[in-house]
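Here the structure comes first, spelled out in structure tokens, and everything after it is commentary.
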Amino acid sequence: MALRGAPRVAARLLLQLLPPRRCPAAGRRGIASCIDPSAGLTEEQKEFQKVALDFATKEMAPHMAEWDEKEIFPVETMRKAAQLGFGGIYVKPDVGGSGLSRLDTSIIFEALSTGCTSTTAYMSIHNMCVWMIDTFGNEEQRRKFCPSLCSMEKFASYCLTEPGSGSDAASLLTSAQRKGDTYVLNGSKAFISGGGDTDVYVVMCRTGGPGPKGISCLVLEKGTPGLSFGKKERKVGWNSQPTRAVIFEDCVVPVGNRLGAEGQGFSIAMKGLNGGRINIASCSLGAAHASVLLAQEHLTVRKQFGEPLANNQYLQFRLAEMATRLVAARLMVRNAARALQEGREDAAVLCSMAKLFATDECFAICNQALQMHGGYGYLKDYAVQQFMRDIRVHQILEGTNEVMRMIVARNLLQG
């Protein structure tokens, strides 16, 4: 049973099937109304959110620490999520997607992230890849790739960053030389989420001259001759998803696997990243929300100097600041999601603003929550440290926050 097709009915049926559970970090105190993530949502959106929170609590949170410690890529858990429609949330229903809005997607990723931020972040990248194929692919490509990706029978990776081109993505060097009805691909990609374990690779490569207009987008399948992978990277966080270099050595790809026209790849990549920035910001919101609740609970039960830490006015003020920043970030993210859904002219810069603000502020929230735990916060027995580690990279990927500032400043000065 999934959200796609008849989302309102499916969500209600799922609510009947899944036992009622609270957010994993909620503890005994519940969620204060001032930070309630359901505030302002429609009844339908609240249903989607509840299904995602229930899944996060039941299927993700109990395993979050183990996935991190043992570096497990939880394929079967993600396939269960796909049964709820979370494998292609904003993909069209005719190829297996749920057909939901960007705001619905943000709400779902925020909820799932309370259970495991790392796993949810990979799912957000997977969703972005499927959307790119759905949006820019022809009918044959959509029918070939999207159904198995939406069900998460197969998994996808996004391949843009290279060892020598990170923020300067338009300078990428991976080349695709046209030979008849094929391209011969040579080069490498760095820091690829899911690399080596996933099945479909959406690759930006150079088919023309220098600069963004020389870049095209190809879709490769695992097992293609000449496609190989580097060693599994050892990371601070995001350990429930593998990260490897993706290497192309005389890799032959059919012209029929090109999304859009030659030279359209950079535009496709940037349009995908607009949504990707909202998605990753939403994952940060989930981690920060869970961390605020963990801090709230700890301040209540932990005693020092003969009274609960919650009686300390300094800590009260810091908790209030954390809650305020969380709500402000959530409002920015949801505003940008609406703008992107509506195709507004300012959508790209609003996505950059939201990504910048939410990932910076949410990391600060998680870090402060850890500080409030004292020495306990530094122990891996306590979830707060994992939320902090997992979202640190959100300030770097999908465009570094320095690049987000550049985009905003350019818009202001050229407007």
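Residues in the structure tokens are named by chain (A, B, ... in the order shown) and by number from 1 within that chain; ligands are numbered from 1 in the order shown.
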Please identify every residue of region 338-405 of chain A that has at least one atom no farther than 12 Å from an atom of region 112-116 of chain A, counting only C-alpha atoms, and for each give the shortest atom pair and the distance in Å to one decimal, arranged by chain then increasing number, as a Markdown table.
| residue | atom | partner | partner_atom | distance |
| --- | --- | --- | --- | --- |
| A:Ala383 | CA | A:Cys116 | CA | 9.9 |
| A:Val384 | CA | A:Thr114 | CA | 10.9 |
| A:Gln386 | CA | A:Cys116 | CA | 9.1 |
| A:Phe387 | CA | A:Cys116 | CA | 8.1 |
| A:Met388 | CA | A:Cys116 | CA | 11.7 |
| A:Arg389 | CA | A:Cys116 | CA | 11.7 |
| A:Asp390 | CA | A:Cys116 | CA | 8.9 |
| A:Ile391 | CA | A:Ser113 | CA | 10.2 |
Which residues of region 266-331 of chain A come within 12 Å of region 205-225 of chain A, and what is each one's closest atom pair and distance in Å (one decimal), counting only C-alpha atoms, sorted by chain and residue number, as a tab-separated table?
residue	atom	partner	partner_atom	distance
A:Phe266	CA	A:Pro212	CA	5.6
A:Ser267	CA	A:Pro212	CA	8.0
A:Ile268	CA	A:Cys217	CA	7.5
A:Ala269	CA	A:Cys217	CA	8.0
A:Met270	CA	A:Pro212	CA	10.5
A:Gly272	CA	A:Cys217	CA	11.7
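With only C-alpha atoms as the basis for measurement, A:Ile72 is the residue among A:Leu273, A:Ile72, A:Val91, A:Ala39 that approaches Asn239 (chain A) most closely.
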### Spatial neighbours of region 164-166 of chain A, max dist 10 Å, only C-alpha atoms, sep filter under 6 positions, as a ChimeraX atom specification
/A:172-173,188-191,396-397,399-400
Create the file for the chosen residues now, containing N, CA and C atoms and written as an mmCIF file, in the first residue's frame.
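Result file selection04.cif:
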data_model
loop_
_atom_site.group_PDB
_atom_site.id
_atom_site.type_symbol
_atom_site.label_atom_id
_atom_site.label_comp_id
_atom_site.auth_asym_id
_atom_site.auth_seq_id
_atom_site.Cartn_x
_atom_site.Cartn_y
_atom_site.Cartn_z
ATOM 1 N N LEU A 172 33.887 20.795 -14.806
ATOM 2 C CA LEU A 172 34.098 19.347 -14.763
ATOM 3 C C LEU A 172 34.802 18.847 -16.024
ATOM 4 N N LEU A 173 35.561 17.756 -15.855
ATOM 5 C CA LEU A 173 36.414 17.250 -16.933
ATOM 6 C C LEU A 173 35.981 15.893 -17.484
ATOM 7 N N SER A 188 36.263 10.659 -13.781
ATOM 8 C CA SER A 188 35.866 10.130 -12.469
ATOM 9 C C SER A 188 35.044 11.154 -11.703
ATOM 10 N N LYS A 189 34.229 10.674 -10.800
ATOM 11 C CA LYS A 189 33.406 11.490 -9.912
ATOM 12 C C LYS A 189 33.791 11.176 -8.462
ATOM 13 N N ALA A 190 33.683 12.172 -7.601
ATOM 14 C CA ALA A 190 34.106 12.019 -6.208
ATOM 15 C C ALA A 190 32.931 12.193 -5.252
ATOM 16 N N PHE A 191 33.037 11.550 -4.090
ATOM 17 C CA PHE A 191 32.068 11.701 -2.997
ATOM 18 C C PHE A 191 30.652 11.324 -3.427
ATOM 19 N N ILE A 396 27.950 21.466 3.430
ATOM 20 C CA ILE A 396 28.948 21.319 2.369
ATOM 21 C C ILE A 396 28.321 20.851 1.060
ATOM 22 N N LEU A 397 27.474 19.838 1.126
ATOM 23 C CA LEU A 397 26.972 19.237 -0.117
ATOM 24 C C LEU A 397 25.762 19.982 -0.672
ATOM 25 N N GLY A 399 25.866 22.026 -2.948
ATOM 26 C CA GLY A 399 26.336 23.409 -3.028
ATOM 27 C C GLY A 399 26.728 23.868 -1.638
ATOM 28 N N THR A 400 28.006 24.206 -1.455
ATOM 29 C CA THR A 400 28.452 24.627 -0.119
ATOM 30 C C THR A 400 27.697 25.889 0.306
#
8 Å contact set for region 314-323 of chain A, only C-alpha atoms, chain neighbours under 5 positions out, as a compact mmCIF listing (two decimals) with N, CA and C atoms, in the first residue's frame:
# COMPACT_ATOMS: atom_id res chain seq x y z
N CYS A 34 4.76 25.27 20.34
CA CYS A 34 5.51 26.31 19.62
C CYS A 34 6.48 25.73 18.60
N ILE A 35 6.87 24.46 18.72
CA ILE A 35 7.77 23.85 17.73
C ILE A 35 7.11 22.70 16.99
N VAL A 292 16.33 19.12 19.77
CA VAL A 292 15.67 20.02 20.73
C VAL A 292 14.87 19.20 21.75
N ALA A 295 17.26 17.53 24.16
CA ALA A 295 17.77 18.50 25.12
C ALA A 295 16.72 18.87 26.14
N GLN A 296 15.51 19.05 25.68
CA GLN A 296 14.39 19.36 26.58
C GLN A 296 14.24 18.27 27.64
N LEU A 309 18.45 20.76 35.73
CA LEU A 309 19.08 21.75 34.85
C LEU A 309 18.05 22.69 34.24
N ILE A 365 21.99 24.09 16.38
CA ILE A 365 21.03 23.54 17.35
C ILE A 365 21.49 22.18 17.86
N GLN A 368 24.51 22.60 20.12
CA GLN A 368 24.14 23.12 21.43
C GLN A 368 23.42 22.05 22.25
N MET A 372 24.52 20.71 25.96
CA MET A 372 23.62 20.64 27.11
C MET A 372 23.65 19.28 27.79
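In this comparison, which uses only C-alpha atoms, the residue of A:Cys146, A:Met78, A:Ala310, A:Ala288 approaching Ser124 (chain A) most closely is A:Met78.
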If we count only C-alpha atoms and set the cut-off at 12 Å, which residues sit around Val252 (chain A), ignoring sequence neighbours fewer than 3 positions away in its own chain? Please answer as a compact mmCIF listing (two decimals) with N, CA and C atoms, in the first residue's frame.
# COMPACT_ATOMS: atom_id res chain seq x y z
N SER A 175 34.66 13.32 -19.66
CA SER A 175 34.31 13.54 -21.06
C SER A 175 33.49 12.40 -21.62
N ALA A 176 32.61 12.75 -22.56
CA ALA A 176 31.82 11.76 -23.28
C ALA A 176 31.95 12.06 -24.77
N GLN A 177 32.73 11.25 -25.44
CA GLN A 177 33.00 11.46 -26.87
C GLN A 177 32.00 10.67 -27.70
N ARG A 178 31.32 11.36 -28.60
CA ARG A 178 30.30 10.72 -29.43
C ARG A 178 30.95 9.84 -30.48
N LYS A 179 30.51 8.58 -30.54
CA LYS A 179 30.94 7.64 -31.58
C LYS A 179 29.72 6.90 -32.09
N GLY A 180 29.16 7.38 -33.19
CA GLY A 180 27.96 6.76 -33.73
C GLY A 180 26.78 6.93 -32.79
N ASP A 181 26.20 5.80 -32.39
CA ASP A 181 25.03 5.82 -31.50
C ASP A 181 25.42 5.65 -30.04
N THR A 182 26.70 5.90 -29.75
CA THR A 182 27.16 5.75 -28.36
C THR A 182 28.04 6.93 -27.96
N TYR A 183 28.24 7.04 -26.66
CA TYR A 183 29.25 7.93 -26.10
C TYR A 183 30.30 7.07 -25.42
N VAL A 184 31.56 7.47 -25.50
CA VAL A 184 32.64 6.81 -24.77
C VAL A 184 33.03 7.74 -23.62
N LEU A 185 32.78 7.28 -22.43
CA LEU A 185 32.89 8.10 -21.22
C LEU A 185 34.21 7.82 -20.51
N ASN A 186 34.95 8.88 -20.17
CA ASN A 186 36.20 8.76 -19.42
C ASN A 186 36.27 9.86 -18.36
N LEU A 218 24.02 11.93 -18.78
CA LEU A 218 23.83 10.53 -19.19
C LEU A 218 23.39 9.69 -18.01
N VAL A 219 22.62 8.65 -18.29
CA VAL A 219 22.20 7.69 -17.27
C VAL A 219 22.91 6.37 -17.53
N LEU A 220 23.67 5.90 -16.55
CA LEU A 220 24.42 4.64 -16.67
C LEU A 220 23.84 3.62 -15.70
N GLU A 221 23.96 2.36 -16.09
CA GLU A 221 23.53 1.27 -15.21
C GLU A 221 24.75 0.52 -14.68
N GLY A 223 27.20 -2.32 -13.89
CA GLY A 223 27.53 -3.46 -14.74
C GLY A 223 27.95 -3.05 -16.13
N THR A 224 27.81 -1.76 -16.47
CA THR A 224 28.29 -1.28 -17.76
C THR A 224 29.81 -1.46 -17.84
N PRO A 225 30.33 -2.08 -18.88
CA PRO A 225 31.79 -2.25 -18.99
C PRO A 225 32.52 -0.91 -18.90
N GLY A 226 33.59 -0.87 -18.11
CA GLY A 226 34.35 0.35 -17.92
C GLY A 226 33.92 1.17 -16.72
N LEU A 227 32.81 0.80 -16.08
CA LEU A 227 32.35 1.49 -14.88
C LEU A 227 32.89 0.77 -13.65
N PHE A 248 35.11 6.06 -14.73
CA PHE A 248 34.72 5.68 -16.09
C PHE A 248 35.98 5.53 -16.94
N GLU A 249 36.17 4.33 -17.50
CA GLU A 249 37.32 4.05 -18.35
C GLU A 249 36.82 3.45 -19.66
N VAL A 255 23.54 6.55 -26.84
CA VAL A 255 23.02 7.91 -26.96
C VAL A 255 21.60 7.98 -26.39
N GLY A 256 20.89 6.87 -26.49
CA GLY A 256 19.54 6.81 -25.95
C GLY A 256 19.45 6.96 -24.45
N ASN A 257 20.58 6.94 -23.77
CA ASN A 257 20.60 7.14 -22.32
C ASN A 257 20.88 8.59 -21.94
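Our summary of the geometry notes that CA of Gly40 (chain A) is positioned 25.8 Å from CA of Met128 (chain A).
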### Query
Within 12 Å of Arg392 (chain A), counting only C-alpha atoms, which residues qualify if same-chain residues fewer than 4 places away don't, as JSON, numbers by chain?
{"A": [117, 118, 235, 236, 237, 238, 280, 281, 283, 284, 287, 288, 358, 359, 360, 361, 362, 363, 364, 365, 366, 367, 385, 386, 387, 388, 396, 397, 400, 401]}
### Task
Could you give me the residues within region 335-388 of chain A that DSSP places in helix (DSSP H, G or I), as a PyMOL selection string?
chain A and resi 335-342+347-372+374-378+383-388
### Task
Any chance you could list, as a VMD selection string, the residues in region 19-250 of chain A that come up strand (DSSP E or B) when DSSP is run on the backbone?
chain A and resid 156 to 159 162 165 175 to 179 182 to 193 200 to 206 215 to 221 227 to 229 243 to 250
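Taking CA of Ser33 (chain A) and CA of Ser98 (chain A) as endpoints, the distance between them is 29.6 Å.
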### Message
Under the rule that only C-alpha atoms are counted, which of A:Gly196, A:Gly275, A:Pro147, A:Gly88 is the nearest residue to Gln341 (chain A)?
### Response
A:Gly275
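The nearest approach to Tyr158 (chain A) among the residues A:Cys351, A:Ile89, A:Ile133, A:Leu294, with only C-alpha atoms taken into account, belongs to A:Ile133.
Closest approach to Ala290 (chain A) from the set A:Glu110, A:Glu44, A:Asp197, A:Asp381 is made by A:Glu110, with distances taken over only C-alpha atoms.
Distances to Leu160 (chain A) were evaluated for A:Lys70, A:Tyr201, A:Arg142, A:Phe136 using only C-alpha atoms, and the minimum falls at A:Tyr201.
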### Query
Can you list, as a VMD selection string, every protein, DNA or RNA residue that comes within 9 Å of Asn127 (chain A) when you count only C-alpha atoms, leaving out same-chain residues fewer than 3 positions away?
chain A and resid 86 to 91 122 to 124 130 to 132 149 to 150 156 276
